[in-house]
Structures are given as C-alpha cells and as structure tokens.
file work-v2.txt (compact mmCIF, C-alpha atoms)
# COMPACT_ATOMS: atom_id res chain seq x y z
CA MET A 26 -49.61 6.36 138.42
CA GLY A 27 -47.25 9.17 139.43
CA LYS A 28 -44.29 6.81 139.62
CA ARG A 29 -45.14 5.43 136.17
CA LEU A 30 -45.20 8.95 134.74
CA GLU A 31 -41.83 9.64 136.34
CA ASN A 32 -40.37 6.53 134.67
CA VAL A 33 -41.90 7.51 131.31
CA ALA A 34 -40.42 11.02 131.62
CA ALA A 35 -37.03 9.66 132.69
CA THR A 36 -37.06 7.15 129.81
CA ALA A 37 -37.92 9.88 127.29
CA CYS A 38 -35.17 12.12 128.70
CA MET A 39 -32.52 9.39 128.60
CA THR A 40 -33.62 8.33 125.10
CA THR A 41 -33.10 11.91 123.92
CA LEU A 42 -29.71 12.13 125.64
CA LEU A 43 -28.60 8.80 124.18
CA MET A 44 -29.66 9.88 120.69
CA LEU A 45 -27.65 13.08 121.11
CA PHE A 46 -24.72 10.99 122.32
CA ASN A 47 -25.05 8.76 119.25
CA PHE A 48 -24.80 11.77 116.94
CA VAL A 49 -21.73 13.08 118.80
CA PHE A 50 -20.27 9.56 118.79
CA LEU A 51 -20.86 9.41 115.03
CA SER A 52 -19.06 12.75 114.63
CA SER A 53 -16.10 11.50 116.69
CA GLY A 54 -15.86 8.41 114.46
CA ILE A 55 -15.84 10.55 111.33
CA LEU A 56 -13.16 12.74 112.91
CA MET A 57 -11.00 9.71 113.80
CA LEU A 58 -11.42 8.34 110.27
CA PHE A 59 -10.42 11.69 108.77
CA ILE A 60 -7.43 12.19 111.11
CA GLY A 61 -6.09 8.68 110.51
CA ILE A 62 -6.27 8.98 106.72
CA ALA A 63 -5.12 12.61 106.58
CA MET A 64 -2.10 11.99 108.83
CA ARG A 65 -1.11 8.89 106.86
CA LEU A 66 -1.25 10.87 103.62
CA GLN A 67 0.59 13.84 105.13
CA LEU A 68 3.40 11.69 106.54
CA ARG A 69 3.55 9.29 103.58
CA ASP A 70 6.57 10.85 101.96
CA TYR A 71 8.47 10.74 105.25
CA VAL A 72 7.21 7.38 106.49
CA ASP A 73 8.11 5.60 103.25
CA SER A 74 11.72 6.67 103.77
CA ASN A 75 11.78 4.78 107.06
CA THR A 76 12.96 1.18 107.18
CA GLU A 77 10.69 0.28 110.13
CA GLY A 78 7.57 2.44 109.97
CA SER A 79 4.77 1.64 107.54
CA GLY A 80 1.96 3.83 108.86
CA ALA A 81 -0.10 0.83 110.03
CA ALA A 82 -0.92 2.50 113.36
CA LEU A 83 -2.51 5.49 111.63
CA LEU A 84 -4.46 3.24 109.28
CA ALA A 85 -5.66 1.23 112.29
CA LEU A 86 -6.93 4.46 113.83
CA ALA A 87 -8.81 5.25 110.62
CA PHE A 88 -10.27 1.73 110.58
CA LEU A 89 -11.42 2.13 114.18
CA GLY A 90 -13.06 5.41 113.20
CA ALA A 91 -14.96 3.58 110.44
CA ILE A 92 -16.17 1.01 112.98
CA VAL A 93 -17.36 3.79 115.28
CA VAL A 94 -19.29 5.41 112.41
CA ILE A 95 -21.08 2.14 111.57
CA ALA A 96 -21.76 1.41 115.26
CA ALA A 97 -23.19 4.90 115.85
CA ILE A 98 -25.57 4.55 112.91
CA LEU A 99 -26.80 1.16 114.18
CA ALA A 100 -27.04 2.58 117.71
CA CYS A 101 -29.55 5.19 116.57
CA CYS A 102 -31.85 2.36 115.39
CA CYS A 103 -31.21 0.45 118.61
CA THR A 104 -32.09 3.48 120.76
CA ALA A 105 -35.23 4.23 118.78
CA ARG A 106 -36.47 0.64 119.22
CA GLY A 107 -35.89 0.86 122.96
CA HIS A 108 -35.13 -2.85 123.39
CA PRO A 109 -33.28 -3.39 126.73
CA ALA A 110 -31.21 -6.36 125.49
CA LEU A 111 -29.98 -4.35 122.50
CA LEU A 112 -29.18 -1.39 124.74
CA TYR A 113 -27.12 -3.54 127.11
CA LEU A 114 -25.35 -5.01 124.08
CA TYR A 115 -24.66 -1.49 122.82
CA GLY A 116 -23.24 -0.54 126.22
CA ALA A 117 -20.90 -3.54 126.13
CA PHE A 118 -19.84 -2.60 122.60
CA LEU A 119 -19.08 0.96 123.71
CA ALA A 120 -16.92 -0.38 126.56
CA ALA A 121 -14.99 -2.46 124.01
CA ILE A 122 -14.60 0.60 121.77
CA ALA A 123 -13.17 2.55 124.73
CA LEU A 124 -10.52 -0.15 125.25
CA LEU A 125 -9.74 -0.23 121.53
CA GLU A 126 -9.30 3.55 121.46
CA LEU A 127 -6.93 3.38 124.40
CA GLY A 128 -5.00 0.70 122.55
CA ALA A 129 -5.01 2.79 119.36
CA GLY A 130 -3.68 5.81 121.23
CA ALA A 131 -0.90 3.75 122.79
CA SER A 132 -0.12 2.16 119.41
CA VAL A 133 0.15 5.55 117.68
CA TYR A 134 2.39 6.84 120.47
CA SER A 135 4.59 3.74 120.17
CA TYR A 136 4.62 4.27 116.42
CA ARG A 137 6.10 7.72 117.02
CA SER A 138 8.97 6.14 118.97
CA THR A 139 9.56 3.60 116.19
CA LEU A 140 9.75 6.39 113.62
CA THR A 141 12.23 8.35 115.72
CA GLU A 142 14.50 5.35 116.27
CA GLY A 143 14.49 4.07 112.70
CA PHE A 144 14.41 7.22 110.63
CA ASP A 145 18.16 7.92 110.79
CA GLN A 146 19.02 4.56 109.26
CA GLY A 147 16.15 4.75 106.76
CA LEU A 148 17.12 8.22 105.55
CA ASN A 149 20.77 7.22 105.08
CA PHE A 150 19.58 4.24 103.02
CA SER A 151 17.38 6.52 100.90
CA LEU A 152 20.25 8.95 100.27
CA ASP A 153 22.54 6.11 99.24
CA ALA A 154 19.87 4.75 96.87
CA TYR A 155 19.28 8.17 95.27
CA THR A 156 19.01 7.62 91.51
CA ASP A 157 16.68 8.76 88.76
CA THR A 158 14.96 5.37 88.66
CA ASN A 159 14.54 4.75 92.40
CA PRO A 160 11.09 5.62 93.89
CA ARG A 161 12.81 6.81 97.07
CA THR A 162 14.34 9.66 95.09
CA THR A 163 10.93 11.36 94.86
CA HIS A 164 10.48 11.13 98.64
CA VAL A 165 13.94 12.58 99.29
CA ASP A 166 13.41 15.46 96.86
CA PHE A 167 9.97 16.23 98.31
CA MET A 168 11.36 16.20 101.84
CA GLN A 169 14.34 18.46 101.06
CA SER A 170 12.41 21.03 99.06
CA THR A 171 9.39 21.12 101.41
CA LEU A 172 11.28 21.22 104.71
CA GLN A 173 14.12 23.36 103.33
CA CYS A 174 16.84 20.98 104.39
CA CYS A 175 19.59 18.92 102.76
CA GLY A 176 21.00 15.50 103.57
CA ASN A 177 20.48 13.62 106.82
CA LYS A 178 22.38 15.58 109.47
CA ALA A 179 23.87 18.14 107.04
CA TYR A 180 24.34 18.77 103.32
CA THR A 181 27.82 17.21 103.52
CA ASP A 182 26.19 13.78 103.93
CA TRP A 183 25.87 13.67 100.15
CA TYR A 184 29.67 13.68 99.88
CA ASN A 185 30.13 10.97 102.55
CA LEU A 186 27.88 8.23 101.15
CA LYS A 187 29.15 4.81 100.11
CA HIS A 188 28.79 6.15 96.59
CA PRO A 189 29.41 9.91 96.97
CA GLN A 190 27.08 12.17 95.01
CA ALA A 191 26.72 15.85 94.23
CA VAL A 192 24.15 17.78 96.23
CA PRO A 193 20.84 17.46 94.32
CA LEU A 194 18.87 20.42 93.00
CA SER A 195 16.11 19.81 95.57
CA CYS A 196 18.50 21.33 98.13
CA CYS A 197 18.54 24.66 96.29
CA LYS A 198 17.00 27.69 97.94
CA VAL A 199 17.21 29.67 94.69
CA PRO A 200 15.68 28.80 91.29
CA SER A 201 17.33 25.65 89.91
CA GLU A 202 18.62 27.45 86.81
CA GLU A 203 20.54 29.83 89.09
CA CYS A 204 21.68 27.20 91.56
CA LEU A 205 25.22 25.94 91.99
CA THR A 206 24.96 23.06 94.45
CA ASN A 207 28.59 23.45 95.52
CA ASP A 208 27.83 27.01 96.68
CA THR A 209 26.62 26.90 100.29
CA ASN A 210 25.00 30.32 99.89
CA LYS A 211 22.56 28.87 97.35
CA ILE A 212 21.60 25.61 99.04
CA TYR A 213 20.06 24.56 102.36
CA THR A 214 22.82 23.38 104.66
CA GLN A 215 20.78 22.11 107.62
CA GLY A 216 20.06 18.36 107.66
CA CYS A 217 16.56 16.90 107.36
CA TYR A 218 16.67 14.49 110.29
CA ASN A 219 15.75 16.93 113.07
CA ARG A 220 13.12 18.67 110.94
CA VAL A 221 11.35 15.43 110.04
CA ILE A 222 11.48 14.04 113.58
CA GLU A 223 10.02 17.28 114.93
CA LEU A 224 7.24 17.23 112.32
CA ILE A 225 6.36 13.57 112.96
CA SER A 226 6.63 13.78 116.76
CA ASN A 227 4.37 16.84 116.97
CA ASN A 228 1.70 15.54 114.60
CA VAL A 229 1.61 11.92 115.74
CA GLY A 230 1.73 13.03 119.40
CA ILE A 231 -1.42 15.11 118.89
CA VAL A 232 -3.17 12.18 117.20
CA ALA A 233 -2.20 9.80 120.03
CA ALA A 234 -3.43 12.23 122.70
CA SER A 235 -6.70 12.70 120.80
CA ALA A 236 -7.27 8.94 120.54
CA ILE A 237 -6.70 8.50 124.27
CA ALA A 238 -9.02 11.42 125.06
CA PHE A 239 -11.71 9.91 122.80
CA ALA A 240 -11.42 6.64 124.75
CA PHE A 241 -13.18 8.12 127.79
CA PHE A 242 -16.09 9.48 125.77
CA PRO A 243 -17.81 6.09 125.07
CA LEU A 244 -18.10 5.53 128.84
CA ILE A 245 -20.81 8.23 128.88
CA GLY A 246 -22.71 6.17 126.31
CA VAL A 247 -22.29 3.02 128.43
CA LEU A 248 -23.90 4.80 131.39
CA LEU A 249 -26.76 6.22 129.31
CA ALA A 250 -27.48 2.92 127.52
CA CYS A 251 -27.55 0.93 130.77
CA CYS A 252 -29.71 3.51 132.56
CA LEU A 253 -32.17 3.64 129.66
CA ALA A 254 -32.38 -0.18 129.51
CA ASN A 255 -32.94 -0.31 133.26
CA ASN A 256 -35.73 2.30 133.08
CA ILE A 257 -37.45 0.46 130.22
CA ASN A 258 -37.36 -2.77 132.24
CA LYS A 259 -38.85 -0.96 135.25
CA ALA A 260 -41.62 0.52 133.13
CA LYS A 261 -42.50 -2.91 131.74
CA TYR A 262 -42.49 -4.42 135.22
CA GLU A 263 -44.83 -1.70 136.52
CA GLN A 264 -47.21 -2.26 133.58
CA VAL A 265 -47.37 -5.98 134.39
CA ALA A 266 -47.83 -5.23 138.10
call {"tool": "encode", "arguments": {"input": "work-v2.txt", "output": "structure tokens"}}
result
Amino acid sequence: MGKRLENVAATACMTTLLMLFNFVFLSSGILMLFIGIAMRLQLRDYVDSNTEGSGAALLALAFLGAIVVIAAILACCCTARGHPALLYLYGAFLAAIALLELGAGASVYSYRSTLTEGFDQGLNFSLDAYTDTNPRTTHVDFMQSTLQCCGNKAYTDWYNLKHPQAVPLSCCKVPSEECLTNDTNKIYTQGCYNRVIELISNNVGIVAASAIAFAFFPLIGVLLACCLANNINKAKYEQVA
C-alpha cells in the first residue's frame, strides 16, 4: 500500500513537472517563431541585396518554432491523458526536435558565413543596377540612409562602377535640399560593407547561439516523459498484482 502511494505521489509530481515543461516548451517555440520572422524582416533589405543569401535559414527556424508550438499544445493533452505509449512517443519526438534545433543553429551560423562571403559581390551588383525603376534601388537607399554609409567600401565606388553615377541623395547627412553630393562634408564617406556585415554577423550569431542553446532544453522533456510513462506502467502493474 505504501509503495503504491509513493508511485501515485511520484506520478502526480512528474505529471505536474511535465505540464510545466510543456508550457515552457510552448513559450520557447513562440520565441523561436518570433525571432525567425523578426530577424528575416529586419535583415530583408540587406539580404535581398545579396546574390547568395535568401533568408531561408531564418524562415526554417521560424517554421521549426511553429512545429514546437503545435507539439507543445498536443503534449499537454498527451500528459493529461497519462497514456504511457503516447508519453514515450512524445519523448521520441522531443529528441527529434533537439536534433532539428541543433541543425537549425548550425544552418543559421552557416548562413552567416554565406552572407559574409557573398555580400561584397551582391552589393556591387546592386550599385551597378541603381536606377529609378530597379527594386534594388530601394534596398540600397534604405541601407545607406539607415546605416549612415555610402557605396560598398567607400563613397567613391559610385564613380568607379561600370556605368559611373553621381552619389545618390541617400548618402546625404544633411537635408536633401541642402545637400551637394560632390561635397564630402555633406555626405557619408564610409562604405556600407563593413557596417552591414557587422550588423548581420552580430544578429545572426545571437540567433544561431540561441537555437543551439534551445536544443538541449527538450532533453529535459525526454527524461520527464519517459520517467512518467515508466511510473504509470509500474502503477498499473501493481494494481494488477
């Protein structure tokens, strides 16, 4: 009788812990979903200027976050039902999620390297294609005005293109009506390359580290789910005995 009460108490305790884990797991999924989408939107104007990067890694992270949210909601029902087979299945799913999160972290980190390697070529292409009708023009203007930079490595890049152009008004650090783009005192002279690479490397590096850190969290759920399933099986065996 005493042993049965111990199993009942242990089962109740682990059920409570697993439910708490499910809620935290749900929160982590929402956070991953938010980070993936927010970072993709934040870097969109820089990523679209790159010939190699498309932001797929960040979208994959957001998609994984959505999967985690759905899984956590279903896990709450699974935990409440207390069915051992479902709990073992949930544990296996959490182990798979941990591997996917590790892969997502590595993918995002690799994506950072791709951005760094390809951005120089992509930005030169965007500068050379700078016209009123080209969509890339909006990205270049946004980048120069927001990051307070001009050209790729320096403002003189505008003069050294295949089709040389005047420095655009988005390089001005004074109101456009007062700006003379041939006056270096009124325009940004530092190039955009280093500023963009620093921005992307810092932000994407944080996201990659977060994804890898999240990967170890589901292992706690694996342990709790398996322990709870094992305790439920023991309780059923003792009732039969």
call {"tool": "residues_around", "arguments": {"input": "work-v2.txt", "residues": "Ala96 (chain A)", "least_positions_apart": "4", "cutoff": "10 Å", "atoms": "all atoms listed in the file", "output": "list of chain:residue names"}}
result
A:Asn47, A:Phe50, A:Leu51, A:Gly54, A:Gly90, A:Ala91, A:Ile92, A:Ala100, A:Cys101, A:Tyr115, A:Phe118, A:Leu119, A:Ile122
call {"tool": "write_last_selection", "arguments": {"input": "work-v2.txt", "atoms": "C-alpha atoms", "output": "mmCIF file, in the frame of the given file"}}
result
data_model
loop_
_atom_site.group_PDB
_atom_site.id
_atom_site.type_symbol
_atom_site.label_atom_id
_atom_site.label_comp_id
_atom_site.auth_asym_id
_atom_site.auth_seq_id
_atom_site.Cartn_x
_atom_site.Cartn_y
_atom_site.Cartn_z
ATOM 1 C CA ASN A 47 -25.050 8.760 119.250
ATOM 2 C CA PHE A 50 -20.270 9.560 118.790
ATOM 3 C CA LEU A 51 -20.860 9.410 115.030
ATOM 4 C CA GLY A 54 -15.860 8.410 114.460
ATOM 5 C CA GLY A 90 -13.060 5.410 113.200
ATOM 6 C CA ALA A 91 -14.960 3.580 110.440
ATOM 7 C CA ILE A 92 -16.170 1.010 112.980
ATOM 8 C CA ALA A 100 -27.040 2.580 117.710
ATOM 9 C CA CYS A 101 -29.550 5.190 116.570
ATOM 10 C CA TYR A 115 -24.660 -1.490 122.820
ATOM 11 C CA PHE A 118 -19.840 -2.600 122.600
ATOM 12 C CA LEU A 119 -19.080 0.960 123.710
ATOM 13 C CA ILE A 122 -14.600 0.600 121.770
#
call {"tool": "atom_distance", "arguments": {"input": "work-v2.txt", "atom1": "CA of Asn256 (chain A)", "atom2": "CA of Leu99 (chain A)"}}
result
20.9 Å
call {"tool": "closest_residue", "arguments": {"input": "work-v2.txt", "among": "A:Tyr113, A:Gly246, A:Gly107, A:Lys259", "to": "Leu45 (chain A)", "atoms": "all atoms listed in the file"}}
result
A:Gly246
call {"tool": "residues_around", "arguments": {"input": "work-v2.txt", "residues": "region 169-185 of chain A", "least_positions_apart": "2", "cutoff": "7 Å", "atoms": "all atoms listed in the file", "output": "list of chain:residue names"}}
result
A:Leu148, A:Asn149, A:Val165, A:Asp166, A:Phe167, A:Lys187, A:Pro189, A:Gln190, A:Ala191, A:Val192, A:Ser195, A:Cys196, A:Tyr213, A:Thr214, A:Gln215, A:Gly216, A:Cys217, A:Tyr218, A:Arg220
call {"tool": "atom_distance", "arguments": {"input": "work-v2.txt", "atom1": "CA of Leu58 (chain A)", "atom2": "CA of Leu86 (chain A)"}}
result
6.9 Å
call {"tool": "atom_distance", "arguments": {"input": "work-v2.txt", "atom1": "CA of Pro200 (chain A)", "atom2": "CA of Thr163 (chain A)"}}
result
18.4 Å
call {"tool": "residues_near_point", "arguments": {"input": "work-v2.txt", "point": "(-10.7, 4.1, 113.4)", "cutoff": "10 Å", "atoms": "only C-alpha atoms", "output": "ChimeraX atom specification"}}
result
/A:53-62,82-94,122,125-126,129,236
call {"tool": "residues_near_point", "arguments": {"input": "work-v2.txt", "point": "(-31.0, 1.8, 123.0)", "cutoff": "10 Å", "atoms": "all atoms listed in the file", "output": "ChimeraX atom specification"}}
result
/A:39-40,43-44,47,99-116,246,249-254,257
